$ cat final-v3.cif   # mmCIF, C-alpha atoms
data_my_file
loop_
_atom_site.label_atom_id
_atom_site.label_comp_id
_atom_site.auth_asym_id
_atom_site.auth_seq_id
_atom_site.Cartn_x
_atom_site.Cartn_y
_atom_site.Cartn_z
CA MET A 1 249.86 225.59 3.65
CA ARG A 2 252.43 224.41 6.18
CA ASN A 3 252.95 220.79 7.13
CA TYR A 4 252.28 219.60 10.67
CA SER A 5 251.57 216.45 12.69
CA ILE A 6 249.15 215.83 15.54
CA CYS A 7 249.82 212.82 17.74
CA MET A 8 246.90 211.67 19.86
CA PRO A 9 246.86 209.51 23.01
CA SER A 10 246.81 205.74 22.91
CA TYR A 11 245.25 204.23 26.02
CA SER A 12 243.69 201.20 27.66
CA ILE A 13 241.14 201.44 30.46
CA GLY A 14 239.71 198.84 32.81
CA ASP A 15 240.60 196.81 35.90
CA SER A 16 243.02 194.42 34.17
CA VAL A 17 244.76 196.63 31.57
CA TYR A 18 248.23 195.95 33.00
CA SER A 19 247.93 192.53 31.37
CA LYS A 20 248.60 194.38 28.09
CA ILE A 21 252.08 195.55 29.18
CA GLY A 22 253.86 192.76 27.33
CA GLU A 23 251.85 193.22 24.15
CA LEU A 24 252.29 196.99 24.03
CA CYS A 25 255.71 197.60 25.61
CA SER A 26 257.95 194.68 24.64
CA GLN A 27 258.72 196.07 21.19
CA TYR A 28 260.44 199.03 22.90
CA GLY A 29 262.88 196.96 24.92
CA LYS A 30 263.34 194.50 27.73
CA LYS A 31 264.23 196.81 30.63
CA ALA A 32 262.07 199.48 32.24
CA VAL A 33 262.69 201.91 35.07
CA VAL A 34 259.61 202.76 37.11
CA ILE A 35 259.49 206.44 38.13
CA GLY A 36 256.73 207.83 40.28
CA GLY A 37 255.38 209.02 43.59
CA LYS A 38 255.90 206.93 46.70
CA ASN A 39 252.19 206.29 47.29
CA ALA A 40 251.65 205.63 43.60
CA ILE A 41 254.41 203.03 43.47
CA ASN A 42 252.91 201.39 46.55
CA ALA A 43 249.52 201.30 44.83
CA ALA A 44 250.62 200.04 41.42
CA GLY A 45 254.10 198.59 41.92
CA ASP A 46 253.13 195.00 42.71
CA LYS A 47 250.73 194.85 39.79
CA ILE A 48 253.36 196.23 37.42
CA ALA A 49 256.04 193.88 38.78
CA ARG A 50 253.77 190.87 38.37
CA GLU A 51 252.90 191.67 34.77
CA THR A 52 256.42 192.61 33.71
CA LYS A 53 257.77 189.39 35.16
CA ARG A 54 255.12 187.45 33.27
CA CYS A 55 256.05 189.04 29.93
CA GLY A 56 259.83 189.09 30.41
CA ILE A 57 260.44 192.80 30.98
CA LYS A 58 263.00 193.52 33.70
CA ILE A 59 262.37 196.38 36.14
CA THR A 60 265.76 198.04 36.77
CA ASP A 61 264.38 199.82 39.86
CA PHE A 62 261.50 201.79 41.31
CA LEU A 63 262.59 205.44 41.65
CA TRP A 64 260.91 208.31 43.48
CA TYR A 65 260.48 211.22 41.08
CA GLY A 66 261.74 213.72 43.64
CA GLY A 67 258.59 215.40 44.92
CA GLU A 68 258.48 218.27 42.42
CA ALA A 69 258.16 218.42 38.64
CA SER A 70 261.40 220.35 38.26
CA TYR A 71 264.27 220.29 35.80
CA GLU A 72 266.58 219.65 38.74
CA ASN A 73 264.79 216.39 39.51
CA VAL A 74 264.84 215.43 35.83
CA GLU A 75 268.62 215.85 35.85
CA LYS A 76 268.98 213.77 39.03
CA LEU A 77 266.93 210.94 37.52
CA GLN A 78 268.98 211.07 34.34
CA ASN A 79 272.09 210.30 36.39
CA GLU A 80 270.56 207.26 38.11
CA ASN A 81 272.07 203.92 37.06
CA ALA A 82 268.61 202.35 36.96
CA PHE A 83 267.62 204.87 34.31
CA LYS A 84 270.85 204.48 32.35
CA GLU A 85 270.30 200.72 32.19
CA SER A 86 266.69 200.97 31.03
CA ASP A 87 265.13 200.94 27.56
CA MET A 88 261.92 202.68 28.60
CA ILE A 89 260.28 204.62 31.40
CA PHE A 90 257.16 203.52 33.23
CA ALA A 91 255.74 206.76 34.68
CA VAL A 92 253.50 206.08 37.67
CA GLY A 93 251.32 208.42 39.72
CA GLY A 94 249.69 211.82 39.42
CA GLY A 95 250.45 214.96 37.46
CA LYS A 96 253.81 215.99 38.85
CA ALA A 97 255.31 212.49 38.80
CA LEU A 98 254.07 211.87 35.28
CA ASP A 99 255.25 215.27 34.05
CA THR A 100 258.72 214.70 35.52
CA ALA A 101 259.04 211.31 33.85
CA LYS A 102 257.69 212.62 30.52
CA CYS A 103 260.19 215.48 30.57
CA LEU A 104 263.00 213.00 31.25
CA GLY A 105 261.84 210.80 28.40
CA VAL A 106 261.72 213.66 25.91
CA LYS A 107 265.12 215.05 26.91
CA THR A 108 266.76 211.62 26.59
CA ASN A 109 264.71 210.24 23.70
CA THR A 110 263.44 207.38 25.90
CA PRO A 111 259.97 205.88 25.35
CA VAL A 112 257.52 206.67 28.17
CA PHE A 113 254.51 204.62 29.21
CA ALA A 114 252.08 206.19 31.67
CA PHE A 115 250.35 204.47 34.60
CA PRO A 116 248.11 207.06 36.30
CA THR A 117 247.09 206.04 39.81
CA ILE A 118 244.82 209.03 40.40
CA ALA A 119 242.49 211.01 38.14
CA SER A 120 243.56 214.56 38.93
CA THR A 121 244.92 215.91 35.63
CA CYS A 122 245.36 214.94 31.98
CA ALA A 123 249.13 214.52 32.43
CA ALA A 124 249.02 210.80 31.60
CA CYS A 125 247.85 211.42 28.04
CA THR A 126 249.08 214.84 26.99
CA SER A 127 252.19 216.23 25.29
CA VAL A 128 253.24 218.87 27.77
CA SER A 129 254.88 218.81 31.19
CA ILE A 130 253.96 221.53 33.64
CA MET A 131 257.25 222.36 35.30
CA TYR A 132 257.89 224.02 38.66
CA ASN A 133 260.93 225.44 40.37
CA SER A 134 262.50 223.56 43.26
CA ASP A 135 260.72 225.81 45.74
CA GLY A 136 257.31 224.84 44.33
CA THR A 137 256.67 228.04 42.39
CA PHE A 138 255.51 227.73 38.80
CA ASN A 139 258.21 227.62 36.12
CA GLY A 140 256.34 227.10 32.84
CA PRO A 141 255.07 224.54 30.33
CA PHE A 142 257.53 222.25 28.56
CA PHE A 143 255.95 221.32 25.24
CA PHE A 144 256.82 218.33 23.07
CA ASP A 145 255.35 216.62 20.04
CA LYS A 146 253.95 213.33 21.32
CA PRO A 147 252.12 212.06 24.42
CA PRO A 148 253.32 208.88 26.16
CA VAL A 149 253.52 205.88 23.86
CA HIS A 150 250.59 204.29 25.70
CA THR A 151 248.65 204.98 28.88
CA PHE A 152 247.37 202.19 31.14
CA ILE A 153 244.35 203.48 33.08
CA ASP A 154 243.60 200.97 35.82
CA THR A 155 240.14 201.87 37.11
CA GLU A 156 240.48 199.63 40.17
CA ILE A 157 243.60 201.48 41.34
CA ILE A 158 242.14 204.92 40.64
CA ALA A 159 238.83 204.08 42.33
CA SER A 160 240.80 203.02 45.42
CA ALA A 161 242.77 206.28 45.60
CA PRO A 162 241.75 209.11 47.96
CA TYR A 163 238.71 210.80 46.46
CA LYS A 164 240.18 214.29 46.84
CA TYR A 165 242.31 213.81 43.73
CA MET A 166 239.43 213.11 41.38
CA TRP A 167 237.38 215.76 43.19
CA ALA A 168 240.03 218.37 42.39
CA GLY A 169 240.57 216.88 38.94
CA MET A 170 236.98 217.71 38.07
CA GLY A 171 237.73 221.40 38.59
CA ASP A 172 240.78 221.33 36.34
CA THR A 173 238.83 219.37 33.71
CA TYR A 174 235.79 221.59 33.39
CA ALA A 175 238.12 224.61 33.29
CA LYS A 176 239.31 223.44 29.87
CA TYR A 177 235.97 224.19 28.25
CA PHE A 178 235.44 227.64 29.70
CA GLU A 179 239.00 228.82 29.10
CA ALA A 180 239.07 227.49 25.52
CA GLU A 181 235.65 228.93 24.70
CA VAL A 182 236.53 232.41 25.94
CA SER A 183 240.02 232.58 24.44
CA SER A 184 238.84 231.46 20.99
CA ARG A 185 235.62 233.44 20.85
CA GLY A 186 234.82 235.12 17.54
CA GLU A 187 237.87 233.76 15.73
CA ALA A 188 238.20 231.83 12.48
CA LEU A 189 240.18 228.87 13.79
CA PRO A 190 242.37 226.36 11.94
CA HIS A 191 241.24 222.75 12.17
CA TYR A 192 243.34 221.79 15.20
CA PHE A 193 242.20 224.70 17.37
CA ASP A 194 238.61 224.22 16.26
CA MET A 195 238.83 220.52 17.16
CA GLY A 196 240.23 221.38 20.57
CA VAL A 197 237.49 223.88 21.39
CA ASN A 198 234.76 221.46 20.33
CA ILE A 199 236.28 218.51 22.19
CA SER A 200 236.58 220.69 25.29
CA LYS A 201 232.77 220.71 25.67
CA MET A 202 233.11 217.05 26.70
CA CYS A 203 235.30 218.22 29.57
CA VAL A 204 232.34 219.76 31.36
CA ASP A 205 229.28 217.70 30.38
CA PRO A 206 230.28 214.33 31.97
CA ILE A 207 231.53 216.10 35.10
CA LEU A 208 228.17 217.78 35.65
CA LYS A 209 226.25 214.62 34.75
CA TYR A 210 228.23 212.01 36.67
CA GLY A 211 230.56 213.94 38.99
CA LYS A 212 228.68 213.81 42.25
CA THR A 213 227.90 210.09 41.92
CA ALA A 214 231.49 209.37 40.85
CA ILE A 215 232.85 210.98 44.00
CA GLU A 216 230.61 208.78 46.15
CA GLN A 217 231.82 205.74 44.21
CA ASN A 218 235.41 206.85 44.75
CA LYS A 219 234.78 207.23 48.48
CA ASN A 220 233.42 203.67 48.51
CA LYS A 221 236.32 202.40 46.33
CA GLU A 222 233.76 201.28 43.76
CA SER A 223 234.76 200.97 40.11
CA ALA A 224 231.53 201.66 38.21
CA PHE A 225 230.20 203.36 35.08
CA GLU A 226 229.95 206.91 36.46
CA ILE A 227 233.46 207.01 37.89
CA GLU A 228 234.84 205.58 34.64
CA GLN A 229 233.17 208.38 32.66
CA CYS A 230 234.74 210.98 34.91
CA ILE A 231 238.15 209.30 34.78
CA LEU A 232 237.99 209.39 30.98
CA ALA A 233 236.95 213.04 30.98
CA ILE A 234 239.77 214.03 33.32
CA ILE A 235 242.59 211.96 31.84
CA VAL A 236 241.71 211.41 28.17
CA THR A 237 239.25 214.03 26.92
CA THR A 238 241.12 216.92 28.50
CA ALA A 239 244.39 215.65 27.05
CA MET A 240 242.92 215.42 23.56
CA ALA A 241 241.59 218.95 23.80
CA SER A 242 244.93 220.18 25.12
CA ILE A 243 246.93 218.53 22.34
CA PHE A 244 244.86 220.27 19.68
CA LEU A 245 244.80 223.56 21.59
CA THR A 246 248.59 223.63 22.04
CA ALA A 247 249.41 222.52 18.49
CA GLU A 248 251.46 225.70 18.08
CA HIS A 249 253.16 225.21 21.47
CA THR A 250 251.49 228.21 23.08
CA VAL A 251 248.95 228.48 25.89
CA HIS A 252 246.77 230.91 23.92
CA TYR A 253 243.76 228.60 23.67
CA ASN A 254 244.68 226.02 26.29
CA SER A 255 244.65 228.23 29.35
CA GLY A 256 242.93 231.29 30.73
CA LEU A 257 242.08 233.25 33.82
CA GLY A 258 241.42 230.21 36.01
CA HIS A 259 244.99 229.03 35.54
CA ALA A 260 246.45 232.54 35.69
CA ILE A 261 244.89 232.88 39.13
CA PHE A 262 246.21 229.51 40.28
CA TYR A 263 249.79 230.06 39.11
CA SER A 264 249.86 233.54 40.66
CA LEU A 265 248.55 232.15 43.95
CA THR A 266 251.50 229.71 44.15
CA LYS A 267 253.39 232.72 45.52
CA PHE A 268 251.81 231.76 48.84
CA PRO A 269 253.40 228.49 50.06
CA HIS A 270 250.20 227.13 51.63
CA ILE A 271 248.52 226.92 48.20
CA GLU A 272 250.91 224.19 47.02
CA GLU A 273 251.17 222.65 50.49
CA LYS A 274 247.46 222.40 51.34
CA TYR A 275 245.43 222.73 48.14
CA LEU A 276 245.28 220.82 44.87
CA HIS A 277 245.74 222.36 41.44
CA GLY A 278 242.22 221.73 40.13
CA GLU A 279 240.69 222.77 43.43
CA VAL A 280 242.14 226.26 43.09
CA VAL A 281 241.55 226.45 39.33
CA SER A 282 237.84 225.76 39.89
CA LEU A 283 237.61 228.92 41.99
CA GLY A 284 239.37 230.87 39.25
CA ILE A 285 236.77 229.66 36.74
CA LEU A 286 233.99 231.18 38.82
CA VAL A 287 235.84 234.51 38.66
CA LEU A 288 236.24 234.05 34.89
CA LEU A 289 232.53 233.37 34.38
CA TYR A 290 231.58 236.41 36.44
CA ILE A 291 233.94 238.69 34.54
CA ASP A 292 232.66 237.23 31.27
CA ASN A 293 229.08 238.04 32.38
CA ASN A 294 228.17 234.43 31.65
CA MET A 295 225.80 234.19 34.58
CA GLU A 296 223.91 231.12 33.37
CA TRP A 297 227.07 229.03 33.43
CA PHE A 298 228.28 230.87 36.52
CA GLU A 299 225.23 229.74 38.49
CA LYS A 300 225.56 226.16 37.21
CA MET A 301 229.22 225.88 38.16
CA TYR A 302 228.77 227.72 41.45
CA ALA A 303 226.02 225.26 42.39
CA PHE A 304 228.16 222.31 41.27
CA ASN A 305 231.16 223.50 43.28
CA ARG A 306 228.99 223.90 46.37
CA SER A 307 227.38 220.49 45.85
CA ILE A 308 230.73 218.65 45.97
CA GLY A 309 232.66 221.02 48.22
CA LEU A 310 234.93 222.76 45.72
CA PRO A 311 235.80 226.35 46.73
CA VAL A 312 233.40 229.18 45.96
CA LYS A 313 235.32 232.10 47.52
CA ALA A 314 238.91 233.07 48.35
CA GLU A 315 238.37 232.38 52.03
CA ASP A 316 237.86 228.70 51.17
CA ILE A 317 241.54 228.49 50.21
CA GLU A 318 242.71 230.77 53.03
CA ILE A 319 243.40 233.80 50.85
CA SER A 320 242.64 237.27 52.22
CA LYS A 321 241.68 240.38 50.31
CA GLU A 322 245.11 241.81 51.12
CA GLN A 323 246.81 238.76 49.60
CA LEU A 324 244.65 239.05 46.49
CA SER A 325 245.76 242.67 46.15
CA GLU A 326 249.38 241.49 46.21
CA ILE A 327 248.95 239.26 43.16
CA LEU A 328 246.50 241.20 40.98
CA THR A 329 249.29 242.61 38.83
CA ALA A 330 250.86 239.16 38.45
CA ILE A 331 247.52 237.68 37.36
CA ILE A 332 246.86 240.14 34.56
CA LYS A 333 250.46 239.89 33.29
CA ARG A 334 250.38 236.12 32.89
CA SER A 335 250.64 234.69 29.37
CA ASP A 336 247.54 232.60 30.13
CA ILE A 337 245.33 235.62 29.45
CA GLU A 338 247.33 237.37 26.74
CA HIS A 339 245.02 235.88 24.12
CA ASN A 340 241.59 237.00 25.21
CA PRO A 341 238.67 238.69 23.41
CA TYR A 342 238.89 241.62 25.84
CA VAL A 343 241.42 243.04 28.26
CA ILE A 344 241.15 241.72 31.81
CA THR A 345 242.04 244.34 34.41
CA GLU A 346 243.01 244.14 38.06
CA ASP A 347 239.72 245.81 38.98
CA MET A 348 237.72 243.17 37.09
CA VAL A 349 239.52 240.35 38.90
CA MET A 350 239.04 241.91 42.31
CA LYS A 351 235.37 242.57 41.64
CA GLY A 352 234.96 238.91 40.69
CA PHE A 353 236.41 237.78 44.01
CA GLU A 354 234.34 240.34 45.88
CA TYR A 355 231.17 239.13 44.20
CA LEU A 356 231.93 235.58 45.32
CA GLU A 357 232.69 236.78 48.85
CA ASN A 358 229.33 238.56 49.10
CA LYS A 359 227.27 235.95 47.26
CA GLY A 360 227.11 233.56 50.19
CA GLU A 361 226.02 236.19 52.69
#
$ encode --input "final-v3.cif" --output "structure tokens"
Amino acid sequence: MRNYSICMPSYSIGDSVYSKIGELCSQYGKKAVVIGGKNAINAAGDKIARETKRCGIKITDFLWYGGEASYENVEKLQNENAFKESDMIFAVGGGKALDTAKCLGVKTNTPVFAFPTIASTCAACTSVSIMYNSDGTFNGPFFFDKPPVHTFIDTEIIASAPYKYMWAGMGDTYAKYFEAEVSSRGEALPHYFDMGVNISKMCVDPILKYGKTAIEQNKNKESAFEIEQCILAIIVTTAMASIFLTAEHTVHYNSGLGHAIFYSLTKFPHIEEKYLHGEVVSLGILVLLYIDNNMEWFEKMYAFNRSIGLPVKAEDIEISKEQLSEILTAIIKRSDIEHNPYVITEDMVMKGFEYLENKGE
């Protein structure tokens, strides 16, 4: 048997977890560069500055990540004096900011600590960066062996963020279960893949149970039990499943048709400009469930999407039948669906979208 290592997330959650910065980060150095989104730095910057000052860690600067999780932005950040002077990276924000900072950390062998300010993806706790080209089109996953050293999940900050991020994050989170279940179906799995598939069930259950209430709490900027359960599902549980499912650094069990549809749709600029990743993925999961003839789950997720306003047809994300026809070939050629228990055809995908279009009539 071969030797391998699995490194799982280390995290703190609550409304005062930044008080642990000194305890958990000081052993890695005395200087940190903060890299993140502009809104994220505004939301968390003062709290981070206060705690780092208290524990004797110097912030070399607060740097904008560049607006896109691209290798070009990673290179620009690497040349910043504030980064060169630092011992560690504090990555602040949502998926693209965190993925940019993680990529920088891996390429330069610099410790990364994550400070998610929204609950939209599992980027804060996972060992992959989803990279894009400078024009916003999808580039590919950049895999590495370890997640951030530690993740500080401040529930007060996340509960105060615009609710749309957690709303979309729910779609990306529940996708993990359906994509993993389909792609692994009928196979004798090694321990890590089996763990990932089983953990992924906890990516859908809390979302269905607490999701609608959590969104209302988010709208009211209320940090409560239900929103915390959804934050954990989105950021932590999904990351754990992903780490096991990508143990061989492939997307075979960690992705599927929902993501193939999203990445193919990024051909149209308005998808990246106007719609969130998980929002679009959630629509792709409905197509997946229809194609899979899993109508019991299809009806559950269709009803859930409608109950919280996630899309239930292509029109909801301003995609026409003609535009779908343009990307059908791209969808079925994506590596996300190479590992599937049956071949997915262009006709199957189009019929799935047509079923959704007609269902509401």
$ residues_around --input "final-v3.cif" --residues "A:Glu72" --least-positions-apart "3" --cutoff "8 Å" --atoms "all atoms listed in the file" --output "list in words"
Glu75, Lys76 and Ser134 of chain A
$ write_last_selection --input "final-v3.cif" --atoms "C-alpha atoms" --output "PDB file, keeping the file's coordinate frame"
ATOM      1  CA  GLU A  75     268.620 215.850  35.850  1.00  0.00           C
ATOM      2  CA  LYS A  76     268.980 213.770  39.030  1.00  0.00           C
ATOM      3  CA  SER A 134     262.500 223.560  43.260  1.00  0.00           C
TER       4      SER A 134
END
$ resolve_selection --input "final-v3.cif" --expression "the PyMOL selection byres ((chain A and resi 308) around 9)" --output "ChimeraX atom specification"
/A:167,211-212,215,303-307,309-310
$ residues_around --input "final-v3.cif" --residues "A:Glu248" --least-positions-apart "4" --cutoff "10 Å" --atoms "only C-alpha atoms" --output "PDB file with C-alpha atoms, in the coordinates of the input"
ATOM      1  CA  TYR A   4     252.280 219.600  10.670  1.00  0.00           C
ATOM      2  CA  PHE A 143     255.950 221.320  25.240  1.00  0.00           C
ATOM      3  CA  TYR A 192     243.340 221.790  15.200  1.00  0.00           C
ATOM      4  CA  PHE A 193     242.200 224.700  17.370  1.00  0.00           C
ATOM      5  CA  ILE A 243     246.930 218.530  22.340  1.00  0.00           C
ATOM      6  CA  PHE A 244     244.860 220.270  19.680  1.00  0.00           C
ATOM      7  CA  HIS A 252     246.770 230.910  23.920  1.00  0.00           C
ATOM      8  CA  TYR A 253     243.760 228.600  23.670  1.00  0.00           C
TER       9      TYR A 253
END
$ residues_around --input "final-v3.cif" --residues "A:Gly171" --least-positions-apart "3" --cutoff "8 Å" --atoms "only C-alpha atoms" --output "PDB file with C-alpha atoms, in the frame of the given file"
ATOM      1  CA  TRP A 167     237.380 215.760  43.190  1.00  0.00           C
ATOM      2  CA  ALA A 168     240.030 218.370  42.390  1.00  0.00           C
ATOM      3  CA  TYR A 174     235.790 221.590  33.390  1.00  0.00           C
ATOM      4  CA  ALA A 175     238.120 224.610  33.290  1.00  0.00           C
ATOM      5  CA  GLY A 278     242.220 221.730  40.130  1.00  0.00           C
ATOM      6  CA  GLU A 279     240.690 222.770  43.430  1.00  0.00           C
ATOM      7  CA  VAL A 280     242.140 226.260  43.090  1.00  0.00           C
ATOM      8  CA  VAL A 281     241.550 226.450  39.330  1.00  0.00           C
ATOM      9  CA  SER A 282     237.840 225.760  39.890  1.00  0.00           C
ATOM     10  CA  LEU A 310     234.930 222.760  45.720  1.00  0.00           C
TER      11      LEU A 310
END
$ residues_around --input "final-v3.cif" --residues "A:Met8" --least-positions-apart "6" --cutoff "8 Å" --atoms "only C-alpha atoms" --output "VMD selection string"
chain A and resid 146 to 147 240 243
$ atom_distance --input "final-v3.cif" --atom1 "atom CA of A:Tyr275" --atom2 "atom CA of A:Ile319"
11.6 Å
$ resolve_selection --input "final-v3.cif" --expression "the PyMOL selection byres ((chain A and resi 126) around 9)" --output "MDAnalysis selection string"
chainID A and resid 8:9 122:125 127:129 146:148 235:236 238:240 242:243
$ resolve_selection --input "final-v3.cif" --expression "the PyMOL selection byres ((chain A and resi 104) around 9)" --output "list in words"
Tyr71, Val74, Glu75, Leu77, Gln78, Ile89, Asp99, Thr100, Ala101, Lys102, Cys103, Gly105, Val106, Lys107, Thr108, Asn109, Thr110 and Val112 of chain A
$ atom_distance --input "final-v3.cif" --atom1 "atom CA of A:Ala159" --atom2 "atom CA of A:Asp15"
9.9 Å
$ atom_distance --input "final-v3.cif" --atom1 "atom CA of A:Asn218" --atom2 "atom CA of A:Glu272"
23.4 Å
$ residues_near_point --input "final-v3.cif" --point "(262.8, 202.0, 35.6)" --cutoff "10 Å" --atoms "only C-alpha atoms" --output "ChimeraX atom specification"
/A:31-36,58-63,80-91
$ closest_residue --input "final-v3.cif" --among "A:Gly186, A:Gly56, A:Tyr165, A:Tyr11" --to "A:Gln27" --atoms "all atoms listed in the file"
A:Gly56
$ closest_residue --input "final-v3.cif" --among "A:Gly29, A:Gly169, A:Gly136, A:Pro162" --to "A:Pro111" --atoms "only C-alpha atoms"
A:Gly29
$ residues_around --input "final-v3.cif" --residues "A:Ile153" --least-positions-apart "2" --cutoff "9 Å" --atoms "all atoms listed in the file" --output "list in words"
Tyr11, Ser12, Ile13, Gly14, Asp15, Val17, Tyr18, Ala114, Phe115, Pro116, Thr117, Ala124, Thr151, Thr155, Glu156, Ile157, Ile158, Ile231, Leu232 and Ile235 of chain A
$ closest_residue --input "final-v3.cif" --among "A:Ser255, A:Ser183, A:Thr213, A:Asn358" --to "A:Val343" --atoms "all atoms listed in the file"
A:Ser183
$ closest_residue --input "final-v3.cif" --among "A:Val251, A:Ser10, A:Thr329, A:Glu299" --to "A:Asp347" --atoms "all atoms listed in the file"
A:Thr329
$ closest_residue --input "final-v3.cif" --among "A:Lys38, A:Arg50, A:Lys300, A:His339" --to "A:Lys209" --atoms "all atoms listed in the file"
A:Lys300
